[in-house]
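Below is work-v2.tsv, which holds TSV, C-alpha atoms.
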```tsv
chain	number	residue	atom	x	y	z
A	1	MET	CA	0.00	0.00	0.00
A	2	ILE	CA	1.28	3.43	-0.94
A	3	PHE	CA	-1.54	5.82	-0.04
A	4	THR	CA	-4.79	4.33	1.27
A	5	PRO	CA	-6.42	1.15	-0.11
A	6	LEU	CA	-9.14	3.05	-2.03
A	7	ILE	CA	-6.72	5.59	-3.53
A	8	ASP	CA	-4.23	2.87	-4.47
A	9	HIS	CA	-7.01	0.90	-6.12
A	10	LEU	CA	-8.21	3.98	-8.01
A	11	ILE	CA	-4.66	4.72	-9.24
A	12	GLU	CA	-4.23	1.10	-10.33
A	13	SER	CA	-7.62	1.10	-12.10
A	14	LEU	CA	-6.87	4.34	-13.98
A	15	ARG	CA	-3.90	2.60	-15.62
A	16	VAL	CA	-6.32	0.66	-17.80
A	17	LEU	CA	-6.63	3.89	-19.85
A	18	PRO	CA	-4.30	3.99	-22.87
A	19	GLY	CA	-1.20	6.15	-22.37
A	20	VAL	CA	-1.70	6.46	-18.61
A	21	GLY	CA	1.26	5.34	-16.49
A	22	ALA	CA	1.75	5.28	-12.73
A	23	LYS	CA	2.53	8.99	-12.37
A	24	SER	CA	-0.32	10.27	-14.55
A	25	ALA	CA	-2.75	7.89	-12.85
A	26	GLN	CA	-1.67	9.32	-9.48
A	27	ARG	CA	-2.09	12.87	-10.78
A	28	MET	CA	-5.55	12.03	-12.16
A	29	ALA	CA	-6.68	10.40	-8.91
A	30	PHE	CA	-5.61	13.36	-6.77
A	31	HIS	CA	-7.05	15.85	-9.23
A	32	LEU	CA	-10.45	14.16	-9.02
A	33	LEU	CA	-10.34	13.77	-5.23
A	34	GLU	CA	-9.26	17.35	-4.68
A	35	ARG	CA	-11.05	19.35	-7.32
A	36	SER	CA	-13.66	17.32	-9.07
A	37	ARG	CA	-15.53	14.74	-7.00
A	38	GLN	CA	-18.69	15.56	-8.92
A	39	GLY	CA	-16.92	14.98	-12.24
A	40	GLY	CA	-15.41	11.75	-10.90
A	41	THR	CA	-18.79	10.41	-9.85
A	42	GLU	CA	-20.25	11.43	-13.20
A	43	LEU	CA	-17.40	9.62	-14.98
A	44	ALA	CA	-18.00	6.49	-12.89
A	45	LYS	CA	-21.64	6.45	-13.99
A	46	ALA	CA	-20.85	7.13	-17.64
A	47	LEU	CA	-18.26	4.32	-17.65
A	48	GLU	CA	-20.53	1.85	-15.91
A	49	GLN	CA	-23.36	2.54	-18.33
A	50	ALA	CA	-21.26	2.54	-21.50
A	51	MET	CA	-19.41	-0.66	-20.53
A	52	THR	CA	-22.65	-2.55	-20.00
A	53	GLU	CA	-24.95	-1.03	-22.62
A	54	VAL	CA	-22.84	-0.26	-25.68
A	55	ARG	CA	-22.76	-3.19	-28.11
A	56	ARG	CA	-22.01	-3.87	-31.77
A	57	CYS	CA	-24.38	-3.19	-34.68
A	58	LYS	CA	-25.24	-6.64	-36.03
A	59	ASP	CA	-24.69	-5.49	-39.63
A	60	CYS	CA	-21.75	-3.10	-39.69
A	61	TRP	CA	-20.09	-4.01	-36.37
A	62	THR	CA	-19.75	-0.41	-35.19
A	63	PHE	CA	-20.65	0.51	-31.61
A	64	CYS	CA	-24.31	1.24	-30.99
A	65	GLU	CA	-26.95	0.99	-28.32
A	66	SER	CA	-29.56	-1.00	-30.23
A	67	ASP	CA	-29.45	-4.07	-32.48
A	68	VAL	CA	-28.76	-2.08	-35.63
A	69	CYS	CA	-27.04	1.31	-35.85
A	70	LYS	CA	-28.66	4.43	-37.29
A	71	ILE	CA	-26.78	4.29	-40.57
A	72	CYS	CA	-27.63	0.63	-41.27
A	73	HIS	CA	-31.22	1.40	-40.27
A	74	ASN	CA	-31.55	4.41	-42.60
A	75	PRO	CA	-33.62	3.47	-45.70
A	76	ASN	CA	-32.09	6.36	-47.70
A	77	ARG	CA	-28.56	4.97	-47.73
A	78	GLU	CA	-27.33	3.28	-50.92
A	79	LYS	CA	-27.26	-0.39	-50.04
A	80	GLN	CA	-25.04	-1.45	-52.94
A	81	LEU	CA	-22.06	0.50	-51.61
A	82	LEU	CA	-20.05	-0.76	-48.64
A	83	CYS	CA	-17.17	1.24	-47.19
A	84	VAL	CA	-14.71	-0.64	-44.97
A	85	VAL	CA	-13.09	1.47	-42.22
A	86	GLU	CA	-10.88	0.67	-39.24
A	87	SER	CA	-12.79	2.37	-36.44
A	88	PRO	CA	-15.92	4.37	-35.52
A	89	ALA	CA	-13.71	7.49	-35.58
A	90	ASP	CA	-12.79	6.77	-39.22
A	91	LEU	CA	-16.47	6.15	-40.01
A	92	LEU	CA	-17.19	9.59	-38.56
A	93	ALA	CA	-14.43	11.13	-40.68
A	94	VAL	CA	-15.96	9.67	-43.86
A	95	GLU	CA	-19.47	10.73	-42.78
A	96	GLN	CA	-18.28	14.28	-42.22
A	97	THR	CA	-17.19	14.61	-45.84
A	98	ALA	CA	-20.93	14.41	-46.72
A	99	HIS	CA	-19.79	12.74	-49.98
A	100	TYR	CA	-20.75	9.18	-49.15
A	101	LYS	CA	-24.26	7.80	-48.89
A	102	GLY	CA	-23.59	4.06	-48.76
A	103	LEU	CA	-23.18	1.69	-45.83
A	104	TYR	CA	-20.14	0.85	-43.71
A	105	PHE	CA	-18.32	-2.04	-42.19
A	106	VAL	CA	-16.16	-1.22	-39.16
A	107	LEU	CA	-13.26	-3.62	-38.61
A	108	MET	CA	-12.32	-2.27	-35.16
A	109	GLY	CA	-8.63	-2.70	-35.91
A	110	ARG	CA	-6.30	-3.92	-38.61
A	111	LEU	CA	-4.41	-7.10	-39.30
A	112	SER	CA	-1.21	-7.34	-37.32
A	113	PRO	CA	0.49	-10.73	-37.12
A	114	ILE	CA	3.10	-9.24	-34.74
A	115	SER	CA	0.47	-8.16	-32.19
A	116	GLY	CA	-1.49	-11.35	-32.82
A	117	VAL	CA	-4.45	-9.64	-34.56
A	118	SER	CA	-5.90	-12.21	-36.95
A	119	PRO	CA	-8.61	-11.81	-39.65
A	120	GLU	CA	-11.11	-13.28	-37.16
A	121	ASP	CA	-10.26	-10.62	-34.54
A	122	ILE	CA	-11.22	-7.80	-36.90
A	123	GLY	CA	-14.37	-9.50	-38.16
A	124	ILE	CA	-13.25	-10.30	-41.71
A	125	PRO	CA	-15.27	-13.57	-41.87
A	126	LYS	CA	-18.30	-11.51	-40.76
A	127	LEU	CA	-17.55	-8.93	-43.46
A	128	ILE	CA	-17.29	-11.63	-46.16
A	129	GLN	CA	-20.55	-13.19	-45.01
A	130	HIS	CA	-22.21	-9.76	-44.98
A	131	VAL	CA	-20.97	-8.96	-48.50
A	132	ARG	CA	-22.19	-12.32	-49.78
A	133	GLY	CA	-25.72	-11.82	-48.51
A	134	ALA	CA	-26.36	-8.13	-48.98
A	135	GLY	CA	-26.34	-7.56	-52.76
A	136	ILE	CA	-23.34	-5.24	-52.61
A	137	LYS	CA	-21.94	-3.99	-55.94
A	138	GLU	CA	-18.89	-2.05	-54.78
A	139	LEU	CA	-16.67	-2.43	-51.74
A	140	ILE	CA	-14.66	0.71	-50.94
A	141	LEU	CA	-11.54	0.23	-48.84
A	142	ALA	CA	-10.94	3.30	-46.66
A	143	LEU	CA	-8.20	2.07	-44.34
A	144	SER	CA	-5.30	4.16	-43.11
A	145	PRO	CA	-2.36	4.05	-45.55
A	146	THR	CA	-0.01	2.41	-43.04
A	147	VAL	CA	1.79	-0.90	-43.53
A	148	GLU	CA	-0.83	-2.76	-41.49
A	149	GLY	CA	-3.70	-0.87	-43.11
A	150	GLU	CA	-2.38	-1.71	-46.59
A	151	ALA	CA	-1.96	-5.38	-45.67
A	152	THR	CA	-5.52	-5.49	-44.35
A	153	SER	CA	-6.83	-3.81	-47.53
A	154	HIS	CA	-4.95	-6.32	-49.66
A	155	TYR	CA	-6.26	-9.27	-47.65
A	156	ILE	CA	-9.88	-8.11	-47.92
A	157	ALA	CA	-9.57	-7.19	-51.61
A	158	GLU	CA	-8.27	-10.67	-52.49
A	159	ARG	CA	-11.25	-12.34	-50.83
A	160	VAL	CA	-13.96	-10.01	-52.07
A	161	ARG	CA	-12.74	-9.81	-55.66
A	162	GLU	CA	-13.21	-13.60	-55.96
A	163	MET	CA	-16.92	-13.01	-55.39
A	164	GLY	CA	-17.18	-10.85	-58.52
A	165	ILE	CA	-17.64	-7.63	-56.58
A	166	LEU	CA	-15.87	-4.41	-57.61
A	167	VAL	CA	-13.27	-3.49	-54.99
A	168	THR	CA	-11.95	0.08	-54.88
A	169	LYS	CA	-9.59	1.94	-52.57
A	170	ILE	CA	-9.73	5.63	-51.65
A	171	ALA	CA	-7.17	7.71	-53.56
A	172	GLN	CA	-3.72	8.36	-52.15
A	173	GLY	CA	-2.15	11.66	-53.15
A	174	VAL	CA	-1.29	15.19	-52.16
A	175	PRO	CA	-3.54	16.51	-49.34
A	176	LEU	CA	-5.51	19.72	-50.05
A	177	GLY	CA	-3.78	22.95	-49.06
A	178	GLU	CA	-0.35	21.32	-48.74
A	179	GLU	CA	2.77	22.94	-50.25
A	180	LEU	CA	4.19	20.45	-52.77
A	181	GLU	CA	7.77	20.89	-51.53
A	182	PHE	CA	6.80	19.60	-48.07
A	183	VAL	CA	4.94	16.49	-49.26
A	184	ASP	CA	6.91	13.31	-48.51
A	185	SER	CA	8.25	11.45	-51.53
A	186	GLY	CA	6.15	8.33	-50.92
A	187	THR	CA	2.94	10.36	-51.08
A	188	LEU	CA	4.18	12.26	-54.12
A	189	ALA	CA	5.03	8.98	-55.89
A	190	HIS	CA	1.47	7.78	-55.21
A	191	ALA	CA	0.07	11.08	-56.49
A	192	LEU	CA	2.12	10.78	-59.72
A	193	ASN	CA	1.10	7.17	-60.31
A	194	GLY	CA	-2.52	8.02	-59.66
A	195	ARG	CA	-2.57	11.04	-62.02
A	196	ARG	CA	-5.82	11.63	-63.88
A	197	PRO	CA	-6.71	13.57	-67.05
A	198	VAL	CA	-7.97	17.09	-66.29
B	1	MET	CA	-24.43	13.87	-31.07
B	2	ILE	CA	-21.30	12.55	-32.73
B	3	PHE	CA	-21.31	8.82	-31.99
B	4	THR	CA	-24.12	7.45	-29.81
B	5	PRO	CA	-25.50	9.22	-26.69
B	6	LEU	CA	-23.70	6.88	-24.25
B	7	ILE	CA	-20.36	7.06	-26.07
B	8	ASP	CA	-20.59	10.84	-26.42
B	9	HIS	CA	-21.37	11.13	-22.72
B	10	LEU	CA	-18.44	8.87	-21.83
B	11	ILE	CA	-16.06	10.93	-24.00
B	12	GLU	CA	-17.33	14.15	-22.43
B	13	SER	CA	-17.00	12.71	-18.90
B	14	LEU	CA	-13.43	11.51	-19.51
B	15	ARG	CA	-12.40	15.12	-20.17
B	16	VAL	CA	-12.68	15.79	-16.43
B	17	LEU	CA	-9.29	14.03	-16.16
B	18	PRO	CA	-6.34	16.45	-16.20
B	19	GLY	CA	-4.50	16.60	-19.52
B	20	VAL	CA	-7.23	14.76	-21.43
B	21	GLY	CA	-8.63	16.62	-24.45
B	22	ALA	CA	-11.31	15.65	-26.95
B	23	LYS	CA	-9.11	13.34	-29.05
B	24	SER	CA	-7.53	11.47	-26.12
B	25	ALA	CA	-10.93	11.08	-24.46
B	26	GLN	CA	-12.24	9.55	-27.69
B	27	ARG	CA	-9.25	7.22	-27.87
B	28	MET	CA	-9.73	6.19	-24.24
B	29	ALA	CA	-13.45	5.53	-24.69
B	30	PHE	CA	-12.93	3.33	-27.75
B	31	HIS	CA	-10.00	1.54	-26.15
B	32	LEU	CA	-12.16	0.60	-23.15
B	33	LEU	CA	-15.17	-0.38	-25.28
B	34	GLU	CA	-13.09	-2.47	-27.66
B	35	ARG	CA	-10.43	-4.05	-25.52
B	36	SER	CA	-11.11	-3.60	-21.86
B	37	ARG	CA	-14.74	-3.62	-20.77
B	38	GLN	CA	-13.74	-5.46	-17.61
B	39	GLY	CA	-11.13	-2.80	-16.80
B	40	GLY	CA	-13.64	-0.05	-17.55
B	41	THR	CA	-16.20	-1.53	-15.20
B	42	GLU	CA	-13.52	-1.97	-12.54
B	43	LEU	CA	-12.49	1.67	-12.99
B	44	ALA	CA	-16.12	2.80	-12.66
B	45	LYS	CA	-16.38	1.00	-9.32
B	46	ALA	CA	-13.04	2.29	-8.03
B	47	LEU	CA	-14.00	5.86	-8.97
B	48	GLU	CA	-17.44	5.63	-7.42
B	49	GLN	CA	-16.05	4.26	-4.17
B	50	ALA	CA	-13.10	6.65	-3.91
B	51	MET	CA	-15.23	9.71	-4.72
B	52	THR	CA	-17.71	8.91	-1.97
B	53	GLU	CA	-15.51	7.33	0.71
B	54	VAL	CA	-12.16	9.14	0.64
B	55	ARG	CA	-12.13	12.12	2.99
B	56	ARG	CA	-9.63	14.33	4.77
B	57	CYS	CA	-7.74	13.45	7.98
B	58	LYS	CA	-9.10	15.86	10.57
B	59	ASP	CA	-5.59	16.67	11.82
B	60	CYS	CA	-3.25	16.77	8.85
B	61	TRP	CA	-5.78	17.24	6.04
B	62	THR	CA	-4.36	14.46	3.86
B	63	PHE	CA	-6.70	12.01	2.15
B	64	CYS	CA	-7.76	9.05	4.26
B	65	GLU	CA	-10.64	6.68	4.76
B	66	SER	CA	-11.18	7.16	8.50
B	67	ASP	CA	-11.35	10.23	10.77
B	68	VAL	CA	-7.61	10.35	11.39
B	69	CYS	CA	-4.89	9.08	9.05
B	70	LYS	CA	-2.39	6.37	10.00
B	71	ILE	CA	0.50	8.76	10.56
B	72	CYS	CA	-1.46	11.10	12.86
B	73	HIS	CA	-2.76	8.03	14.67
B	74	ASN	CA	0.69	6.50	15.23
B	75	PRO	CA	1.82	7.06	18.87
B	76	ASN	CA	5.49	6.64	17.90
B	77	ARG	CA	5.68	9.78	15.76
B	78	GLU	CA	7.35	12.86	17.27
B	79	LYS	CA	4.49	15.19	17.94
B	80	GLN	CA	6.61	18.35	18.31
B	81	LEU	CA	7.67	18.27	14.67
B	82	LEU	CA	5.29	19.31	11.90
B	83	CYS	CA	6.27	19.12	8.24
B	84	VAL	CA	4.18	21.14	5.80
B	85	VAL	CA	3.89	19.63	2.29
B	86	GLU	CA	1.83	20.48	-0.78
B	87	SER	CA	0.28	17.11	-1.56
B	88	PRO	CA	-0.09	13.48	-0.45
B	89	ALA	CA	2.50	12.60	-3.13
B	90	ASP	CA	4.99	14.97	-1.47
B	91	LEU	CA	4.15	13.47	1.93
B	92	LEU	CA	4.97	10.06	0.46
B	93	ALA	CA	8.28	11.39	-0.92
B	94	VAL	CA	9.29	12.65	2.55
B	95	GLU	CA	8.14	9.39	4.18
B	96	GLN	CA	10.23	7.37	1.75
B	97	THR	CA	13.42	9.08	2.91
B	98	ALA	CA	12.87	7.28	6.27
B	99	HIS	CA	14.58	10.33	7.83
B	100	TYR	CA	11.52	11.99	9.30
B	101	LYS	CA	9.49	10.75	12.24
B	102	GLY	CA	7.31	13.79	12.96
B	103	LEU	CA	3.81	14.69	11.80
B	104	TYR	CA	2.61	16.36	8.60
B	105	PHE	CA	0.23	18.97	7.36
B	106	VAL	CA	-0.88	18.60	3.75
B	107	LEU	CA	-1.93	21.88	2.08
B	108	MET	CA	-3.39	20.25	-1.05
B	109	GLY	CA	-2.06	23.05	-3.22
B	110	ARG	CA	-0.14	26.30	-3.00
B	111	LEU	CA	-1.04	29.95	-2.93
B	112	SER	CA	-1.74	31.32	-6.38
B	113	PRO	CA	-3.46	34.70	-6.63
B	114	ILE	CA	-3.57	34.35	-10.44
B	115	SER	CA	-5.54	31.07	-10.29
B	116	GLY	CA	-7.57	32.41	-7.36
B	117	VAL	CA	-6.11	30.03	-4.75
B	118	SER	CA	-6.33	31.85	-1.41
B	119	PRO	CA	-4.87	30.90	2.02
B	120	GLU	CA	-8.32	29.54	2.96
B	121	ASP	CA	-8.37	27.22	-0.08
B	122	ILE	CA	-5.18	25.48	1.01
B	123	GLY	CA	-6.19	25.25	4.68
B	124	ILE	CA	-3.72	27.76	6.15
B	125	PRO	CA	-6.19	28.93	8.87
B	126	LYS	CA	-6.60	25.24	9.80
B	127	LEU	CA	-2.82	24.81	9.89
B	128	ILE	CA	-2.41	27.88	12.17
B	129	GLN	CA	-5.12	26.60	14.48
B	130	HIS	CA	-3.54	23.13	14.50
B	131	VAL	CA	-0.08	24.56	15.30
B	132	ARG	CA	-1.51	26.68	18.11
B	133	GLY	CA	-3.17	23.75	19.86
B	134	ALA	CA	-0.75	20.89	19.32
B	135	GLY	CA	2.39	21.87	21.29
B	136	ILE	CA	4.54	21.95	18.17
B	137	LYS	CA	8.17	23.11	18.59
B	138	GLU	CA	9.36	23.13	14.98
B	139	LEU	CA	7.53	23.65	11.74
B	140	ILE	CA	9.42	22.35	8.70
B	141	LEU	CA	8.46	23.81	5.34
B	142	ALA	CA	8.91	21.20	2.58
B	143	LEU	CA	7.21	22.90	-0.37
B	144	SER	CA	8.42	22.72	-3.95
B	145	PRO	CA	10.98	25.46	-4.71
B	146	THR	CA	8.79	27.14	-7.35
B	147	VAL	CA	7.64	30.76	-7.26
B	148	GLU	CA	4.26	29.79	-5.83
B	149	GLY	CA	5.79	27.29	-3.41
B	150	GLU	CA	8.22	29.92	-2.12
B	151	ALA	CA	5.42	32.47	-1.70
B	152	THR	CA	3.36	29.93	0.23
B	153	SER	CA	6.35	29.07	2.46
B	154	HIS	CA	6.95	32.76	3.12
B	155	TYR	CA	3.30	33.37	3.98
B	156	ILE	CA	3.16	30.45	6.42
B	157	ALA	CA	6.55	31.29	7.98
B	158	GLU	CA	5.43	34.88	8.73
B	159	ARG	CA	2.34	33.70	10.58
B	160	VAL	CA	3.91	30.82	12.51
B	161	ARG	CA	7.05	32.70	13.58
B	162	GLU	CA	4.82	35.22	15.39
B	163	MET	CA	3.69	32.38	17.64
B	164	GLY	CA	7.24	31.81	18.87
B	165	ILE	CA	7.65	28.53	17.02
B	166	LEU	CA	10.88	27.64	15.17
B	167	VAL	CA	10.24	27.63	11.43
B	168	THR	CA	12.73	25.84	9.15
B	169	LYS	CA	12.83	25.10	5.44
B	170	ILE	CA	14.37	22.06	3.72
B	171	ALA	CA	17.77	22.81	2.20
B	172	GLN	CA	18.13	23.90	-1.40
B	173	GLY	CA	21.32	22.86	-3.13
B	174	VAL	CA	22.99	20.48	-5.54
B	175	PRO	CA	21.08	17.17	-5.92
B	176	LEU	CA	23.01	13.96	-5.15
B	177	GLY	CA	24.73	12.33	-8.12
B	178	GLU	CA	24.47	15.43	-10.30
B	179	GLU	CA	27.46	16.69	-12.33
B	180	LEU	CA	28.19	20.23	-11.13
B	181	GLU	CA	28.55	21.61	-14.66
B	182	PHE	CA	24.93	20.70	-15.44
B	183	VAL	CA	23.42	22.25	-12.30
B	184	ASP	CA	21.45	25.43	-13.13
B	185	SER	CA	22.94	28.65	-11.77
B	186	GLY	CA	19.98	29.42	-9.46
B	187	THR	CA	20.43	26.09	-7.68
B	188	LEU	CA	24.21	26.56	-7.52
B	189	ALA	CA	23.75	30.05	-6.04
B	190	HIS	CA	21.51	28.55	-3.34
B	191	ALA	CA	24.07	25.81	-2.70
B	192	LEU	CA	26.85	28.40	-2.28
B	193	ASN	CA	24.80	30.57	0.04
B	194	GLY	CA	23.80	27.56	2.10
B	195	ARG	CA	27.40	26.21	2.46
B	196	ARG	CA	28.25	24.51	5.73
B	197	PRO	CA	31.53	23.73	7.53
B	198	VAL	CA	32.74	20.16	6.81
```

Could you spell out this file's structure in structure tokens?
Amino acid sequence: MIFTPLIDHLIESLRVLPGVGAKSAQRMAFHLLERSRQGGTELAKALEQAMTEVRRCKDCWTFCESDVCKICHNPNREKQLLCVVESPADLLAVEQTAHYKGLYFVLMGRLSPISGVSPEDIGIPKLIQHVRGAGIKELILALSPTVEGEATSHYIAERVREMGILVTKIAQGVPLGEELEFVDSGTLAHALNGRRPV
Amino acid sequence: MIFTPLIDHLIESLRVLPGVGAKSAQRMAFHLLERSRQGGTELAKALEQAMTEVRRCKDCWTFCESDVCKICHNPNREKQLLCVVESPADLLAVEQTAHYKGLYFVLMGRLSPISGVSPEDIGIPKLIQHVRGAGIKELILALSPTVEGEATSHYIAERVREMGILVTKIAQGVPLGEELEFVDSGTLAHALNGRRPV
């Protein structure tokens, strides 16, 4: 025991948060005890409720509070288009463009043999099954252009292409508003290779 | 609403933690939902319990779970010595030296007119009252040597000295194991001024 049993337990429990080590957990615990008991109690309730009530949409696998999420439930979405993203945050990013009206599939991660993340862990069998049954015409891969993201895209593309479905990937190139001289050469190479007639 | 009501509420509630902004709160929420529901539920319980059950020791003002903390309750501590620290973490640091057997008073902060922290907020009236009643012979100031810490030390020293009690301050000087050439000049100046016969 370092402080008191309850404080020690709180500090230990806070370390479940990503990026929170022993010192930050201690700082957080004392901050709440000293200045924000109300906020701490509120956080306890929010955590308790979210941990028990948030589940996965049975179609797209994103987090939701009912059987099917709002997007999957919306009759105005184009049901032939399926966009595969890594996380609910990425789904939100695509939604915020207001340029996509199809459906989503949220992997909740990406393939990583080193960290032991297998196709099953990120729901790829579920995705394949979903694609097979849902009359999808185009599968859009919108994963982050990292090594693991690319590997995941490749893995999914291989499997879905076999089913005679068009598989596309969002364009890689120069971001809007960027000065060309500061763009890294990998991105510039992709932009050159992906050039289009004006 | 960005995600779902429960997730949005969880993200908002996590921002009560110091140093946690919108993006980190979002990352924390998804991390818990995806990978550590058990840990999240555990954290909710620990928070709930600590927020309601942890209170202040009636003598030294540190956090504890009973009326009086273990140190104040220990009959083997020297009751004429009182060490003033800023936080329970500082109290722990002094305890870990194993060179101090007196009692403590924990301010839970330091004077800061800019942030609106007054002597009342950090329990100085309570400290004065405690010193008056407890037969204390020496008050040791062990606050951090920052501008606000120094101002707080000065403020307390002024008030306690009037009562005919010896007020001391922990030494400022070169830390053990440090190369002299890398010690900042303020610290070195303090070390020179505080030189002692060998």

Any chance you could work out the axis-aligned box around range 128-137 of chain B, listed atoms only, 3 Å on each side, giving centre and edge lengths in Å to one decimal, as AutoDock Vina command-line options?
```
--center_x 1.5 --center_y 24.4 --center_z 16.7 --size_x 19.3 --size_y 13.0 --size_z 15.1
```

9 Å contacts from chain B to chain A using all atoms listed in the file, as a ChimeraX atom specification: /B:2-7,9-14,16-19,24,26-34,36-55,63-65,87-89,92,108

Gap from CA of Cys83 in chain B to CA of Asp184 in chain B - Å, one decimal: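 So the answer is 27.0 Å.
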
For Glu150 in chain A, the nearest of the candidates A:Leu111, A:Ile136, A:Met163, A:Val84, counting all atoms listed in the file: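 Comparing A:Leu111, A:Ile136, A:Met163, A:Val84 against Glu150 in chain A, the winner is A:Leu111.
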
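You can rank B:Ala142, B:Ala157, B:Cys57, B:Ile165 by their closest distance to Ala93 in chain B using all atoms listed in the file, and at the top of that list sits B:Ala142.
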
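If all atoms listed in the file are the atoms counted, then among B:His154, B:Lys101, B:Lys79, B:Arg196 the closest residue to Val131 in chain B is B:Lys79.
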
Distance of CA of Glu95 in chain B from CA of Arg161 in chain B, expressed in Å to one decimal place: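 It comes out at 25.2 Å.
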
One-decimal distance in Å that lies between CA of Glu158 in chain B and CA of Ile122 in chain B: 16.1 Å

Show me a table, sorted first by chain and then by increasing residue number, of the residues of range 84-114 of chain B having an atom at most 12 Å from range 170-179 of chain B, each with its shortest atom pair and the distance in Å to one decimal, counting all atoms listed in the file and written as JSON lines.
```
{"residue": "B:Val84", "atom": "CA", "partner": "B:Ile170", "partner_atom": "CA", "distance": 10.4}
{"residue": "B:Val85", "atom": "CA", "partner": "B:Ile170", "partner_atom": "CA", "distance": 10.9}
{"residue": "B:Val94", "atom": "CA", "partner": "B:Ile170", "partner_atom": "CA", "distance": 10.8}
{"residue": "B:Tyr100", "atom": "CA", "partner": "B:Ile170", "partner_atom": "CA", "distance": 11.9}
```

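Among the candidates A:Pro119, A:Gly21, A:His130, A:Glu78, the one nearest to Trp61 in chain A when counting only C-alpha atoms is A:His130.
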